[in-house]
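Undergrad: Below is protein-v2.txt; it holds compact mmCIF, C-alpha atoms.
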# COMPACT_ATOMS: atom_id res chain seq x y z
CA MET A 1 90.17 116.80 74.89
CA ARG A 2 92.34 117.25 71.85
CA LEU A 3 92.51 114.66 69.13
CA LEU A 4 96.20 114.18 69.90
CA THR A 5 95.24 112.91 73.34
CA HIS A 6 92.47 110.73 71.89
CA ASN A 7 95.13 109.20 69.63
CA MET A 8 96.85 107.86 72.73
CA LEU A 9 94.07 106.79 75.06
CA THR A 10 93.00 103.17 75.33
CA SER A 11 90.31 101.42 77.30
CA HIS A 12 91.43 99.09 80.06
CA VAL A 13 88.18 97.44 80.99
CA LYS A 14 88.83 93.97 82.42
CA GLY A 15 88.91 91.25 79.81
CA VAL A 16 89.24 93.61 76.88
CA ASN A 17 92.07 92.60 74.56
CA ASN A 18 92.08 95.59 72.31
CA GLY A 19 90.69 98.78 73.76
CA TYR A 20 92.04 101.02 71.02
CA PRO A 21 90.90 103.21 69.47
CA LEU A 22 88.06 104.54 71.57
CA LYS A 23 85.17 105.65 69.40
CA ILE A 24 84.18 109.31 69.77
CA GLU A 25 80.59 110.45 70.16
CA ALA A 26 80.71 114.21 70.48
CA THR A 27 77.87 116.57 71.33
CA GLU A 28 80.01 119.67 71.59
CA VAL A 29 83.21 120.29 69.62
CA ASN A 30 85.25 123.48 69.67
CA VAL A 31 87.15 124.07 66.42
CA GLU A 32 88.11 127.64 67.15
CA SER A 33 90.79 127.26 69.76
CA GLU A 34 94.07 128.86 68.72
CA VAL A 35 97.38 127.33 69.61
CA ASP A 36 100.74 128.64 68.38
CA PHE A 37 101.94 126.68 65.37
CA LYS A 38 105.30 125.03 66.10
CA PRO A 39 106.45 123.11 63.02
CA GLU A 40 109.20 121.27 64.87
CA PHE A 41 106.72 119.89 67.38
CA ILE A 42 104.35 118.78 64.62
CA CYS A 43 107.22 117.08 62.78
CA CYS A 44 108.14 115.20 65.96
CA MET A 45 104.53 114.19 66.59
CA ILE A 46 103.74 112.88 63.11
CA PRO A 47 105.75 109.64 63.49
CA ARG A 48 104.03 109.01 66.81
CA ILE A 49 100.49 109.52 65.66
CA ASP A 50 98.38 106.62 64.49
CA TRP A 51 97.29 108.28 61.26
CA ASP A 52 94.37 105.95 60.60
CA VAL A 53 93.03 106.57 64.08
CA LEU A 54 93.38 110.32 63.59
CA LYS A 55 91.43 110.02 60.33
CA LYS A 56 88.76 107.94 62.10
CA ALA A 57 88.53 110.51 64.90
CA LEU A 58 87.94 113.27 62.38
CA ALA A 59 85.31 111.20 60.61
CA TRP A 60 83.51 110.55 63.91
CA ILE A 61 83.18 114.28 64.47
CA GLY A 62 82.23 114.98 60.89
CA LYS A 63 85.50 116.60 59.86
CA ALA A 64 86.99 113.88 57.69
CA ASP A 65 87.99 116.30 54.95
CA LEU A 66 90.45 118.22 57.13
CA LEU A 67 93.30 115.85 56.39
CA PRO A 68 94.53 113.98 53.33
CA GLU A 69 94.33 110.17 53.26
CA GLU A 70 98.06 109.70 53.63
CA ILE A 71 100.91 111.52 55.27
CA VAL A 72 102.69 113.43 52.51
CA ASP A 73 106.31 112.61 51.64
CA ASN A 74 108.84 115.14 52.91
CA TYR A 75 106.24 116.60 55.25
CA GLU A 76 109.01 118.50 57.05
CA GLU A 77 109.10 120.87 54.11
CA ASP A 78 105.38 121.12 53.53
CA GLU A 79 104.13 123.94 55.75
CA GLU A 80 100.58 123.71 54.46
CA PHE A 81 100.41 120.05 55.43
CA LEU A 82 102.00 120.69 58.82
CA ARG A 83 99.49 123.46 59.52
CA LYS A 84 96.62 121.08 58.70
CA VAL A 85 98.03 118.50 61.09
CA HIS A 86 98.56 121.19 63.74
CA HIS A 87 94.97 122.33 63.43
CA THR A 88 93.53 118.83 63.72
CA ILE A 89 95.63 117.56 66.61
CA MET A 90 95.99 120.73 68.69
CA GLU A 91 93.13 123.10 67.85
CA ILE A 92 90.09 120.83 67.77
CA GLU A 93 88.69 120.07 71.21
CA ILE A 94 85.97 117.64 72.15
CA VAL A 95 84.20 119.56 74.93
CA THR A 96 81.27 117.23 75.65
CA GLY A 97 80.63 113.69 74.56
CA SER A 98 81.78 110.12 75.16
CA LEU A 99 84.55 107.72 74.32
CA ILE A 100 83.31 104.18 73.64
CA CYS A 101 85.45 101.10 74.23
CA PRO A 102 85.57 99.23 70.91
CA GLU A 103 85.20 95.80 72.53
CA SER A 104 83.07 96.22 75.63
CA GLU A 105 81.15 99.28 74.42
CA ARG A 106 81.63 100.80 77.82
CA SER A 107 81.15 104.54 77.58
CA PHE A 108 83.60 107.01 79.15
CA PRO A 109 82.15 110.52 79.47
CA ILE A 110 83.87 113.73 78.40
CA ASN A 111 82.82 116.87 80.27
CA LYS A 112 84.33 120.36 80.00
CA GLY A 113 86.92 118.83 77.70
CA ILE A 114 88.10 116.29 80.26
CA PRO A 115 87.62 112.55 79.63
CA ASN A 116 86.82 110.39 82.65
CA MET A 117 88.48 107.02 82.20
CA LEU A 118 87.83 105.75 85.72
CA LEU A 119 86.44 102.25 85.94
CA ASN A 120 84.11 100.83 88.54
CA GLU A 121 85.48 98.17 90.90
CA ASP A 122 83.92 95.31 88.97
CA GLU A 123 85.45 96.47 85.72
CA VAL A 124 89.06 96.56 86.84
CA MET B 1 114.62 129.06 92.52
CA GLU B 2 115.44 130.64 89.14
CA ILE B 3 112.31 129.24 87.58
CA PRO B 4 109.22 130.83 89.09
CA THR B 5 106.91 128.54 91.03
CA PRO B 6 103.57 128.35 89.23
CA ILE B 7 100.64 130.26 90.70
CA PHE B 8 98.72 127.97 93.02
CA SER B 9 96.84 130.27 95.38
CA HIS B 10 93.56 128.83 94.07
CA VAL B 11 94.37 125.32 95.34
CA LYS B 12 93.00 126.11 98.78
CA ASN B 13 89.57 126.47 97.14
CA TYR B 14 89.62 122.71 96.50
CA PRO B 15 89.42 121.06 99.94
CA ASP B 16 90.00 117.56 98.58
CA VAL B 17 93.13 118.48 96.63
CA TYR B 18 96.60 117.94 98.04
CA GLU B 19 98.11 121.36 98.51
CA PRO B 20 101.78 121.57 97.41
CA ALA B 21 104.02 120.64 100.34
CA GLU B 22 107.63 119.64 101.03
CA ASP B 23 107.47 116.60 98.77
CA THR B 24 106.12 118.71 95.90
CA PHE B 25 108.81 121.36 96.36
CA LEU B 26 111.56 118.75 96.53
CA LEU B 27 110.33 117.39 93.20
CA LEU B 28 110.28 120.89 91.71
CA ASP B 29 113.83 121.51 92.99
CA ALA B 30 115.03 118.23 91.48
CA LEU B 31 113.40 118.96 88.12
CA GLU B 32 114.91 122.44 88.13
CA LYS B 33 118.34 121.02 88.91
CA ASP B 34 117.85 118.64 85.97
CA LYS B 35 116.59 121.32 83.62
CA GLU B 36 119.50 121.18 81.15
CA PHE B 37 119.10 117.42 80.94
CA LEU B 38 115.37 117.82 80.37
CA LYS B 39 115.84 120.45 77.69
CA ASN B 40 118.38 118.27 75.87
CA LEU B 41 116.01 115.32 76.08
CA LYS B 42 113.60 117.35 73.92
CA PRO B 43 110.54 115.46 75.11
CA VAL B 44 107.49 115.54 72.90
CA LEU B 45 105.09 114.03 75.44
CA SER B 46 105.10 114.50 79.20
CA VAL B 47 102.71 112.59 81.45
CA GLU B 48 102.16 113.25 85.13
CA ILE B 49 100.17 110.69 87.08
CA GLY B 50 98.20 111.93 90.07
CA GLY B 51 98.88 115.57 89.31
CA GLY B 52 96.82 116.83 92.26
CA SER B 53 97.07 120.62 92.11
CA GLY B 54 98.73 120.52 88.67
CA VAL B 55 101.70 122.51 89.92
CA VAL B 56 104.38 120.02 88.84
CA THR B 57 103.13 119.82 85.25
CA SER B 58 102.84 123.60 85.16
CA PHE B 59 106.42 123.86 86.40
CA LEU B 60 107.58 121.46 83.68
CA ASN B 61 105.82 123.78 81.24
CA GLU B 62 107.93 126.67 82.61
CA ILE B 63 111.10 124.67 82.00
CA LEU B 64 110.24 123.12 78.65
CA GLY B 65 107.77 125.56 77.07
CA ASP B 66 104.71 124.90 74.97
CA SER B 67 106.33 122.74 72.27
CA LEU B 68 105.19 119.48 73.73
CA LEU B 69 102.02 117.93 74.97
CA TYR B 70 101.56 117.65 78.72
CA ILE B 71 99.02 115.11 79.90
CA CYS B 72 98.15 115.42 83.58
CA THR B 73 95.93 112.80 85.16
CA ASP B 74 94.19 112.33 88.50
CA LEU B 75 91.29 110.27 89.72
CA ASN B 76 89.96 112.87 92.13
CA PRO B 77 87.24 115.00 90.47
CA GLN B 78 88.27 118.12 92.41
CA ALA B 79 91.90 117.67 91.39
CA ILE B 80 90.80 117.49 87.75
CA GLN B 81 89.17 120.92 88.01
CA CYS B 82 92.12 122.26 89.97
CA ILE B 83 94.66 121.05 87.40
CA ALA B 84 92.61 122.73 84.66
CA GLU B 85 92.56 125.99 86.64
CA THR B 86 96.30 125.81 87.35
CA ALA B 87 96.98 125.41 83.62
CA GLU B 88 94.71 128.34 82.83
CA VAL B 89 96.09 130.84 85.36
CA ASN B 90 99.65 129.96 84.39
CA HIS B 91 98.89 130.27 80.67
CA ASN B 92 99.85 126.69 79.89
CA TYR B 93 98.26 126.08 76.54
CA SER B 94 99.31 122.54 75.76
CA THR B 95 98.16 120.79 78.91
CA GLU B 96 95.53 118.08 78.64
CA VAL B 97 93.71 116.81 81.70
CA VAL B 98 92.47 113.21 81.90
CA GLN B 99 90.53 111.78 84.80
CA SER B 100 92.08 108.39 85.27
CA ASP B 101 93.71 106.05 87.76
CA LEU B 102 96.82 104.78 86.01
CA PRO B 103 96.25 105.81 82.40
CA ARG B 104 96.68 103.42 79.53
CA LEU B 105 98.38 105.36 76.84
CA ASN B 106 99.05 103.98 73.43
CA GLY B 107 101.58 106.71 72.91
CA LEU B 108 105.20 106.97 73.75
CA VAL B 109 105.91 108.94 76.87
CA ASP B 110 109.24 110.78 76.98
CA LEU B 111 108.81 112.16 80.47
CA LEU B 112 106.81 110.38 83.16
CA VAL B 113 106.41 111.95 86.61
CA PHE B 114 104.68 110.49 89.66
CA ASN B 115 104.45 111.85 93.18
CA PRO B 116 102.54 108.85 94.51
CA PRO B 117 100.54 108.27 97.65
CA TYR B 118 103.60 106.97 99.55
CA VAL B 119 102.55 107.10 103.21
CA VAL B 120 102.51 103.75 105.01
CA THR B 121 98.88 103.08 105.97
CA PRO B 122 96.60 100.10 106.47
CA PRO B 123 95.91 98.51 103.07
CA ALA B 124 92.19 99.37 103.10
CA GLU B 125 92.90 103.11 103.07
CA ILE B 126 94.25 103.19 99.55
CA ASP B 127 90.79 102.78 98.06
CA SER B 128 89.29 105.96 99.47
CA SER B 129 87.86 108.41 97.00
CA ASP B 130 88.72 111.62 98.83
CA ILE B 131 91.89 113.42 99.74
CA ALA B 132 93.26 110.42 101.64
CA SER B 133 93.87 108.77 98.28
CA SER B 134 96.56 111.38 97.69
CA TRP B 135 98.73 110.03 100.50
CA ALA B 136 97.57 106.56 101.51
CA GLY B 137 100.04 104.03 100.13
CA GLY B 138 99.07 100.92 102.10
CA THR B 139 101.65 98.35 103.09
CA ARG B 140 105.18 99.83 103.01
CA GLY B 141 103.51 102.77 101.26
CA ARG B 142 104.03 100.82 98.04
CA MET B 143 100.65 99.49 97.07
CA VAL B 144 99.73 102.20 94.56
CA MET B 145 103.14 102.80 92.99
CA ASP B 146 103.78 99.06 92.64
CA ARG B 147 100.80 98.87 90.28
CA LEU B 148 102.39 101.35 87.93
CA PHE B 149 105.90 99.88 87.83
CA PRO B 150 105.26 96.95 85.45
CA GLN B 151 103.68 99.34 82.94
CA VAL B 152 106.56 101.80 82.88
CA PRO B 153 108.65 99.98 80.22
CA SER B 154 105.75 100.00 77.75
CA LEU B 155 104.61 103.53 78.62
CA LEU B 156 108.01 105.08 78.08
CA SER B 157 109.60 105.84 74.72
CA LYS B 158 113.11 104.53 73.98
CA ARG B 159 114.65 107.58 75.61
CA GLY B 160 111.88 108.05 78.15
CA ILE B 161 112.68 109.10 81.72
CA PHE B 162 110.67 108.43 84.89
CA TYR B 163 110.82 110.60 88.04
CA LEU B 164 109.32 109.21 91.25
CA VAL B 165 108.98 110.69 94.76
CA VAL B 166 109.54 108.21 97.61
CA ILE B 167 110.26 108.08 101.33
CA LYS B 168 112.71 105.83 103.15
CA GLU B 169 109.93 103.46 104.25
CA ASN B 170 109.17 102.67 100.59
CA ASP B 171 112.63 101.04 100.36
CA PRO B 172 114.12 103.05 97.47
CA GLU B 173 116.95 100.54 97.01
CA GLU B 174 114.50 97.74 96.46
CA ILE B 175 112.54 99.91 94.02
CA CYS B 176 115.76 100.47 92.07
CA SER B 177 116.36 96.75 91.85
CA VAL B 178 112.78 96.19 90.67
CA PHE B 179 113.51 98.67 87.91
CA GLU B 180 116.82 97.05 87.11
CA SER B 181 114.97 93.86 86.28
CA LEU B 182 112.66 95.95 84.10
CA GLY B 183 115.69 97.29 82.21
CA PHE B 184 116.18 100.65 83.93
CA ARG B 185 118.97 102.28 85.87
CA GLY B 186 117.68 104.10 88.95
CA GLU B 187 119.37 106.75 91.06
CA SER B 188 118.40 109.17 93.77
CA ILE B 189 119.01 112.67 92.45
CA MET B 190 117.92 114.67 95.48
CA SER B 191 116.90 114.01 99.08
CA ARG B 192 115.60 116.01 101.97
CA GLN B 193 114.39 115.47 105.49
CA ALA B 194 110.97 117.09 105.93
CA GLY B 195 109.64 116.57 109.44
CA PRO B 196 109.40 112.81 109.98
CA GLU B 197 109.76 112.03 106.27
CA HIS B 198 113.07 111.30 104.57
CA LEU B 199 112.17 112.13 100.96
CA SER B 200 114.03 111.23 97.78
CA ILE B 201 113.52 111.85 94.09
CA LEU B 202 114.37 108.75 92.08
CA LYS B 203 115.18 109.02 88.40
CA PHE B 204 114.96 106.02 86.05
CA THR B 205 116.62 105.77 82.65
CA ARG B 206 116.59 102.82 80.25
CA LEU B 207 119.74 100.77 80.61
CA GLN B 208 120.72 100.93 76.93
CA CYS B 209 120.77 104.74 76.96
CA THR B 210 124.13 106.51 77.14
CA ALA B 211 124.95 108.44 80.29
CA SER B 212 123.70 111.68 78.75
CA GLY B 213 120.25 110.18 78.30
CA LYS B 214 120.36 110.48 74.52
CA ASN B 215 119.52 107.54 72.37
CA ASP B 216 119.64 106.88 68.62
Can the structure in the file be given as structure tokens, please?
TA:
Amino acid sequence: MRLLTHNMLTSHVKGVNNGYPLKIEATEVNVESEVDFKPEFICCMIPRIDWDVLKKALAWIGKADLLPEEIVDNYEEDEEFLRKVHHTIMEIEIVTGSLICPESERSFPINKGIPNMLLNEDEV
Amino acid sequence: MEIPTPIFSHVKNYPDVYEPAEDTFLLLDALEKDKEFLKNLKPVLSVEIGGGSGVVTSFLNEILGDSLLYICTDLNPQAIQCIAETAEVNHNYSTEVVQSDLPRLNGLVDLLVFNPPYVVTPPAEIDSSDIASSWAGGTRGRMVMDRLFPQVPSLLSKRGIFYLVVIKENDPEEICSVFESLGFRGESIMSRQAGPEHLSILKFTRLQCTASGKND
């Protein structure tokens, strides 16, 4: 599961008012995956990303220093910045671990890079 | 078809996964016919619900390339593995698989695709956990898709588009009027008779968009 996907997932356990962001507990993280850098795509994604949540996600996996605190001004022209964003959102994969609902603390497992968000009948 | 159908010979190794059939191919044909529209839309995020074999998302990847994120969901654990394999054998590098019923996404979806369980069945059948969940739609075949509809306005971005596969029994006209009250214009962009099923692909666009689908 890439951090870009984590940036979008929320918990929908019954009764939970705010299931976002899901906390990450990772036991296996792959930081070596290589995805073609497409600056236009990164520029389009930046306005859609919750930057604070992305920073939190990195902190949860012990990689807080990969990104600056704030989005730089004129990021469209800053290739170094765009490459950092690209690496964090597209090239870091949580292979094994869990996503924890912030309110209910319900744990959603991640196996082989795929999060399982299915709820039991009594949780829907 | 100009655009090659994704490799899916491995799908038969997953007995609980819906193997691409007439409804799948009608959806692929409709998406191919709409390919210029889709390319001009320049989606950044595509989400397919109930991806099954993963063929539709892989096909979208053929049309639109790797410059967007494709999220493909399914609740069936075999389908999850199958979708991952389909992405791998077709060299789709920006596909993410999520095991989920109807996903809650905090993001803004530009392209939403759903080939739902649309077959009219007794209501109890929609809760099965095996392959029947890929076709059993309960009363009027609408019970699963009806759960998604109210979420579509908040899932989609301003210029987001929703493609849905239906049969005549699902009452496509009524579905379009449901979407009208949600602020969307619906139209059938392709239909086909496949055995006893009269299939249609419905396309929904936000009402304040211009006819070309672009938005400020």
Undergrad: Of the candidates A:Asn74, A:Lys84, A:Leu58, A:Ser104, which one gets nearest to Glu25 of chain A if we count all atoms listed in the file?
TA: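 Under the stated criterion, the closest residue is A:Leu58.
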Undergrad: Just give me the gap between atom CA of Glu91 of chain A and atom CA of Pro68 of chain A in Å, one decimal is fine.
TA: 17.2 Å
Undergrad: What are the residues of chain B lining chain A at 6 Å or less? Count all atoms listed in the file, and put the answer as a list in words.
TA: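 Taking all atoms listed in the file into account, Ser67, Val97, Val98, Gln99, Ser100, Arg104, Leu105, Asn106 and Gly107 of chain B sit within 6 Å of chain A.
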Undergrad: Grab all the atoms of segment 78-82 of chain A that the file lists, wrap them in a box along x, y and z, add 6 Å per side, and give me centre plus edge lengths in Å (one decimal) as AutoDock Vina command-line options.
TA:
--center_x 102.9 --center_y 122.0 --center_z 56.2 --size_x 17.0 --size_y 15.9 --size_z 17.3
Undergrad: Determine, counting only C-alpha atoms, every residue of protein, DNA or RNA that lies within 10 Å of (114.2, 121.4, 91.1) in the file coordinates, then give the result as a PyMOL selection string.
TA: chain B and resi 1-3+24-35+59-60+190
Undergrad: Show which residues sit within 8 Å of Cys43 of chain A, as a list of chain:residue names. Count only C-alpha atoms, and ignore same-chain residues fewer than 3 positions away.
TA: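 My list of contacting residues is A:Pro39, A:Glu40, A:Ile46, A:Pro47, A:Tyr75, A:Glu76, A:Leu82.
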Undergrad: Between atom CA of Glu96 of chain B and atom CA of Val55 of chain B, what is the distance, to one decimal in Å?
TA: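 Atom-to-atom, atom CA of Glu96 of chain B and atom CA of Val55 of chain B are spaced 13.6 Å apart.
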Undergrad: Rank nothing, just name the residue among A:Val29, A:Val53, A:Val13, A:Val85 nearest to Leu67 of chain A, using all atoms listed in the file.
TA: A:Val85
Undergrad: Could you give me, as a compact mmCIF listing (two decimals) with C-alpha atoms, in the coordinates of the input, the residues within 9 Å of segment 182-184 of chain B, counting only C-alpha atoms and dropping anything in the same chain fewer than 5 positions from it?
TA:
# COMPACT_ATOMS: atom_id res chain seq x y z
CA PHE B 149 105.90 99.88 87.83
CA PRO B 150 105.26 96.95 85.45
CA VAL B 152 106.56 101.80 82.88
CA PRO B 153 108.65 99.98 80.22
CA CYS B 176 115.76 100.47 92.07
CA SER B 177 116.36 96.75 91.85
CA PHE B 204 114.96 106.02 86.05
CA THR B 205 116.62 105.77 82.65
CA ARG B 206 116.59 102.82 80.25
CA LEU B 207 119.74 100.77 80.61
CA GLN B 208 120.72 100.93 76.93
Undergrad: Can you measure atom CA of Ile63 of chain B to atom CA of Thr5 of chain B for me? One decimal in Å is fine.
TA: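 Going from atom CA of Ile63 of chain B over to atom CA of Thr5 of chain B, I get 10.7 Å.
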Undergrad: Quick one: residues within 9 Å of Asn115 of chain B, all atoms listed in the file counted, chain neighbours fewer than 2 positions away excluded, as a PyMOL selection string?
TA: chain B and resi 23-24+27+48-51+113+117-118+163-166
Undergrad: With a distance cut-off of 7 Å and only C-alpha atoms, select the neighbouring residues of segment 137-147 of chain B, excluding the residue or stretch itself and same-chain residues fewer than 4 positions from it, and output the selection as a list in words.
TA: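 Result of the neighbour search: Pro116, Pro117, Tyr118, Val119, Val120, Thr121, Pro122, Pro123, Glu125, Ile126, Glu169 and Asn170 of chain B.
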Undergrad: Show which residues sit within 6 Å of segment 68-71 of chain B, as a PyMOL selection string. Count only C-alpha atoms, and ignore same-chain residues fewer than 4 positions away.
TA: chain B and resi 44-47+94-97
Undergrad: Pick from A:Ile24, A:Ile94, A:Val31, A:Ala64: nearest to Phe108 of chain A, with only C-alpha atoms counted?
TA: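 Looking only at the distances to Phe108 of chain A, the closest residue turns out to be A:Ile24.
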Undergrad: Return the single residue from A:Thr27, A:Ser33, A:Ser107, A:Asn18 that is closest to Ile92 of chain A, with distances computed using only C-alpha atoms.
TA: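 Closest to Ile92 of chain A, using only C-alpha atoms: A:Ser33.
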